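Containing compact mmCIF, C-alpha atoms and all ligand atoms: start.txt.
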# COMPACT_ATOMS: atom_id res chain seq x y z
CA MET A 1 103.23 130.45 36.07
CA SER A 2 102.48 126.82 36.73
CA LEU A 3 105.93 126.16 38.16
CA PRO A 4 105.66 128.36 41.28
CA SER A 5 102.26 126.95 42.27
CA SER A 6 103.36 123.32 41.93
CA SER A 7 106.50 123.95 43.99
CA HIS A 8 104.28 125.67 46.55
CA ALA A 9 102.14 122.50 46.73
CA TYR A 10 105.28 120.44 47.03
CA GLY A 11 106.42 122.66 49.93
CA ILE A 12 103.12 122.21 51.78
CA GLY A 13 103.29 118.47 51.21
CA LEU A 14 106.82 118.34 52.63
CA ILE A 15 105.81 120.33 55.72
CA ALA A 16 102.85 117.98 56.26
CA VAL A 17 105.19 114.97 56.12
CA ILE A 18 107.60 116.60 58.61
CA ILE A 19 104.78 117.47 61.03
CA GLY A 20 103.38 113.96 60.70
CA ALA A 21 106.76 112.42 61.51
CA ALA A 22 107.25 114.77 64.47
CA VAL A 23 103.83 113.85 65.90
CA GLY A 24 104.61 110.17 65.43
CA VAL A 25 107.99 110.41 67.17
CA SER A 26 106.64 112.40 70.12
CA TYR A 27 103.74 109.97 70.55
CA TYR A 28 106.26 107.13 70.62
CA GLN A 29 108.46 108.90 73.21
CA LEU A 30 105.67 110.28 75.39
CA TYR A 31 103.26 107.34 75.50
CA PHE A 32 104.57 104.17 73.95
CA ILE A 33 107.99 103.95 75.66
CA PRO A 34 106.74 104.82 79.21
CA GLU A 35 103.94 102.26 78.73
CA LEU A 36 106.51 99.59 77.89
CA ASN A 37 108.69 100.48 80.88
CA ALA A 38 105.79 100.67 83.30
CA LYS A 39 104.43 97.22 82.53
CA PRO A 40 107.07 94.53 82.13
CA ILE A 41 105.67 91.50 80.40
CA ILE A 42 105.57 88.78 83.02
CA PRO A 43 103.90 85.40 82.56
CA GLU A 44 100.64 84.97 84.48
CA LYS A 45 102.09 81.92 86.24
CA VAL A 46 104.90 84.05 87.68
CA LEU A 47 102.48 86.72 88.91
CA HIS A 48 100.23 84.08 90.49
CA PRO A 49 102.37 81.04 91.37
CA GLY A 50 100.49 77.99 92.62
CA ASP A 51 102.74 77.58 95.62
CA THR A 52 104.64 79.69 98.12
CA THR A 53 108.05 79.31 99.72
CA THR A 54 108.28 79.81 103.46
CA ILE A 55 111.48 80.75 105.27
CA ILE A 56 111.27 80.52 109.05
CA ILE A 57 113.15 82.87 111.35
CA VAL A 58 113.61 80.47 114.24
CA PRO A 59 113.66 81.20 117.99
CA GLY A 60 117.16 82.15 119.14
CA ALA A 61 118.10 83.31 115.62
CA GLU A 62 119.77 86.37 117.15
CA SER A 63 122.34 84.22 118.97
CA GLN A 64 125.74 84.20 117.29
CA GLN A 65 126.32 80.77 118.82
CA GLN A 66 123.28 79.33 117.09
CA GLU A 67 123.84 78.06 113.57
CA GLN A 68 120.16 78.17 112.57
CA ASN A 69 118.54 81.56 111.98
CA PHE A 70 116.88 81.84 108.59
CA VAL A 71 115.69 78.30 107.82
CA PRO A 72 116.49 77.19 105.20
CA LYS A 73 119.60 79.34 104.91
CA THR A 74 119.91 78.74 101.16
CA ILE A 75 116.98 77.90 98.96
CA ASP A 76 116.13 77.63 95.26
CA VAL A 77 112.83 79.24 94.29
CA GLN A 78 111.27 78.41 90.92
CA LEU A 79 109.60 81.11 88.83
CA GLY A 80 105.99 80.22 88.08
CA ILE A 81 105.91 77.59 90.84
CA ASN A 82 106.79 78.96 94.28
CA ASN A 83 108.27 82.42 93.64
CA LEU A 84 106.16 84.11 96.32
CA VAL A 85 108.46 83.94 99.34
CA ILE A 86 107.21 84.45 102.89
CA TRP A 87 109.48 85.02 105.87
CA LYS A 88 107.83 84.17 109.18
CA ASN A 89 109.32 85.30 112.46
CA THR A 90 108.65 82.51 114.97
CA GLY A 91 111.19 83.90 117.44
CA ASP A 92 110.77 86.11 120.50
CA ILE A 93 112.36 89.30 119.20
CA GLY A 94 112.21 91.37 116.04
CA HIS A 95 114.36 90.80 112.94
CA THR A 96 114.65 92.24 109.46
CA VAL A 97 115.09 90.85 105.97
CA THR A 98 117.63 93.25 104.45
CA LEU A 99 119.45 93.00 101.12
CA ASP A 100 123.23 92.74 101.48
CA THR A 101 124.87 96.05 100.58
CA ASP A 102 127.06 94.50 97.88
CA VAL A 103 124.06 92.98 96.08
CA ASN A 104 122.53 95.09 93.35
CA PHE A 105 119.00 93.74 93.01
CA VAL A 106 115.70 95.41 92.20
CA ASP A 107 112.91 93.21 90.90
CA LYS A 108 111.49 94.70 87.67
CA TYR A 109 107.92 94.07 88.84
CA SER A 110 108.03 94.11 92.67
CA GLY A 111 110.71 96.76 93.09
CA LYS A 112 113.05 97.00 96.05
CA PHE A 113 113.60 93.91 98.16
CA GLY A 114 113.59 93.84 101.96
CA SER A 115 111.31 94.44 104.93
CA SER A 116 110.62 98.13 105.49
CA GLY A 117 111.41 97.70 109.17
CA ILE A 118 111.42 95.12 111.94
CA ILE A 119 109.39 91.96 111.45
CA LYS A 120 107.91 91.48 114.91
CA PRO A 121 107.48 88.06 116.55
CA GLY A 122 104.60 86.25 114.84
CA GLU A 123 104.65 88.57 111.83
CA THR A 124 105.64 87.91 108.25
CA TYR A 125 107.29 89.64 105.31
CA GLN A 126 106.62 88.53 101.76
CA PHE A 127 108.10 89.26 98.35
CA LEU A 128 107.08 88.18 94.87
CA PHE A 129 110.21 87.44 92.83
CA THR A 130 109.58 87.71 89.08
CA GLN A 131 113.06 87.33 87.57
CA GLU A 132 116.11 85.16 87.92
CA ALA A 133 118.55 86.40 90.55
CA THR A 134 120.75 85.45 93.47
CA VAL A 135 119.57 87.45 96.46
CA LYS A 136 121.84 87.52 99.50
CA TYR A 137 120.33 89.09 102.59
CA HIS A 138 120.82 89.46 106.31
CA CYS A 139 119.17 90.78 109.46
CA ASP A 140 120.00 94.40 110.18
CA PRO A 141 120.22 94.26 114.02
CA HIS A 142 122.03 90.89 113.85
CA PRO A 143 124.21 91.04 110.71
CA TRP A 144 125.64 87.57 111.35
CA MET A 145 122.20 86.20 110.40
CA LYS A 146 122.87 85.61 106.69
CA ALA A 147 120.99 83.72 103.99
CA THR A 148 120.46 83.39 100.24
CA VAL A 149 117.51 82.95 97.90
CA ASN A 150 118.28 81.73 94.36
CA ILE A 151 115.48 82.52 91.95
CA VAL A 152 115.65 80.11 89.02
CA HIS A 153 113.57 79.22 85.98
CA GLY A 154 110.67 76.94 86.81
CA ALA A 155 109.57 74.00 84.69
CA THR A 156 106.58 76.00 83.41
CA THR A 157 108.48 79.16 82.54
CA SER A 158 111.38 77.71 80.55
CU CU B 1 117.81 89.42 113.65
Could you quickly redo this structure as structure tokens?
Amino acid sequence: MSLPSSSHAYGIGLIAVIIGAAVGVSYYQLYFIPELNAKPIIPEKVLHPGDTTTIIIVPGAESQQQEQNFVPKTIDVQLGINNLVIWKNTGDIGHTVTLDTDVNFVDKYSGKFGSSGIIKPGETYQFLFTQEATVKYHCDPHPWMKATVNIVHGATTS
């Protein structure tokens, strides 16, 4: 009669192991994975760079005859150094900073790039870049206003 009772104990032990594994797997899927996805690991220097990069939207930027609109038109931004970029509209009419439609870019930390609407004269739009990318953008009302920001590794993040 000892055989049935020991196999019974074995059965309970096996069930306990299965339940334990199931609890472990669901904890991993429910809590651990979302936690990882929600908080990308970004160096402190990148989250709080010592410097900023300013891009000026100059007066007359809306003119197709004028070469200068976003100044500078192409710029390298270094992660951990000056990766907080500020667009300042110094012109007389509103403009936007809008991602080109053929560019697939979403910053893992800051999300979607681009001003939510018109940047009025005297106002600014800013974006914290946290990963390497080539971001081509334009102005929505004046699509001939085109520019590029290259986000590259900084000396302190390599
Ligand atoms: Cu414009």
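Candidate residues A:Gly91, A:Gly111, A:Gly154, A:Pro141 were compared for distance to Gly60 of chain A, and the nearest is A:Gly91, using all atoms listed in the file.
When atom CA of Lys88 of chain A is paired with atom CA of Thr134 of chain A, their separation reads 20.4 Å.
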Give me, as a PDB file with C-alpha atoms, keeping the file's coordinate frame, the set of residues whose atoms come within 10 Å of any atom of ligand CU 1 (chain B), counting only C-alpha atoms and all ligand atoms.
ATOM      1  CA  ILE A  57     113.150  82.870 111.350  1.00  0.00           C
ATOM      2  CA  VAL A  58     113.610  80.470 114.240  1.00  0.00           C
ATOM      3  CA  GLY A  60     117.160  82.150 119.140  1.00  0.00           C
ATOM      4  CA  ALA A  61     118.100  83.310 115.620  1.00  0.00           C
ATOM      5  CA  GLU A  62     119.770  86.370 117.150  1.00  0.00           C
ATOM      6  CA  SER A  63     122.340  84.220 118.970  1.00  0.00           C
ATOM      7  CA  ASN A  69     118.540  81.560 111.980  1.00  0.00           C
ATOM      8  CA  PHE A  70     116.880  81.840 108.590  1.00  0.00           C
ATOM      9  CA  ASN A  89     109.320  85.300 112.460  1.00  0.00           C
ATOM     10  CA  GLY A  91     111.190  83.900 117.440  1.00  0.00           C
ATOM     11  CA  ILE A  93     112.360  89.300 119.200  1.00  0.00           C
ATOM     12  CA  GLY A  94     112.210  91.370 116.040  1.00  0.00           C
ATOM     13  CA  HIS A  95     114.360  90.800 112.940  1.00  0.00           C
ATOM     14  CA  THR A  96     114.650  92.240 109.460  1.00  0.00           C
ATOM     15  CA  VAL A  97     115.090  90.850 105.970  1.00  0.00           C
ATOM     16  CA  THR A  98     117.630  93.250 104.450  1.00  0.00           C
ATOM     17  CA  ILE A 118     111.420  95.120 111.940  1.00  0.00           C
ATOM     18  CA  ILE A 119     109.390  91.960 111.450  1.00  0.00           C
ATOM     19  CA  HIS A 138     120.820  89.460 106.310  1.00  0.00           C
ATOM     20  CA  CYS A 139     119.170  90.780 109.460  1.00  0.00           C
ATOM     21  CA  ASP A 140     120.000  94.400 110.180  1.00  0.00           C
ATOM     22  CA  PRO A 141     120.220  94.260 114.020  1.00  0.00           C
ATOM     23  CA  HIS A 142     122.030  90.890 113.850  1.00  0.00           C
ATOM     24  CA  PRO A 143     124.210  91.040 110.710  1.00  0.00           C
ATOM     25  CA  TRP A 144     125.640  87.570 111.350  1.00  0.00           C
ATOM     26  CA  MET A 145     122.200  86.200 110.400  1.00  0.00           C
ATOM     27  CA  LYS A 146     122.870  85.610 106.690  1.00  0.00           C
TER      28      LYS A 146
END
*Between atom CA of Glu132 of chain A and atom CA of Val149 of chain A, what is the spacing in Å?*
10.3 Å
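Separating atom CA of Val152 of chain A from atom CA of Gln131 of chain A is a distance of 7.8 Å.
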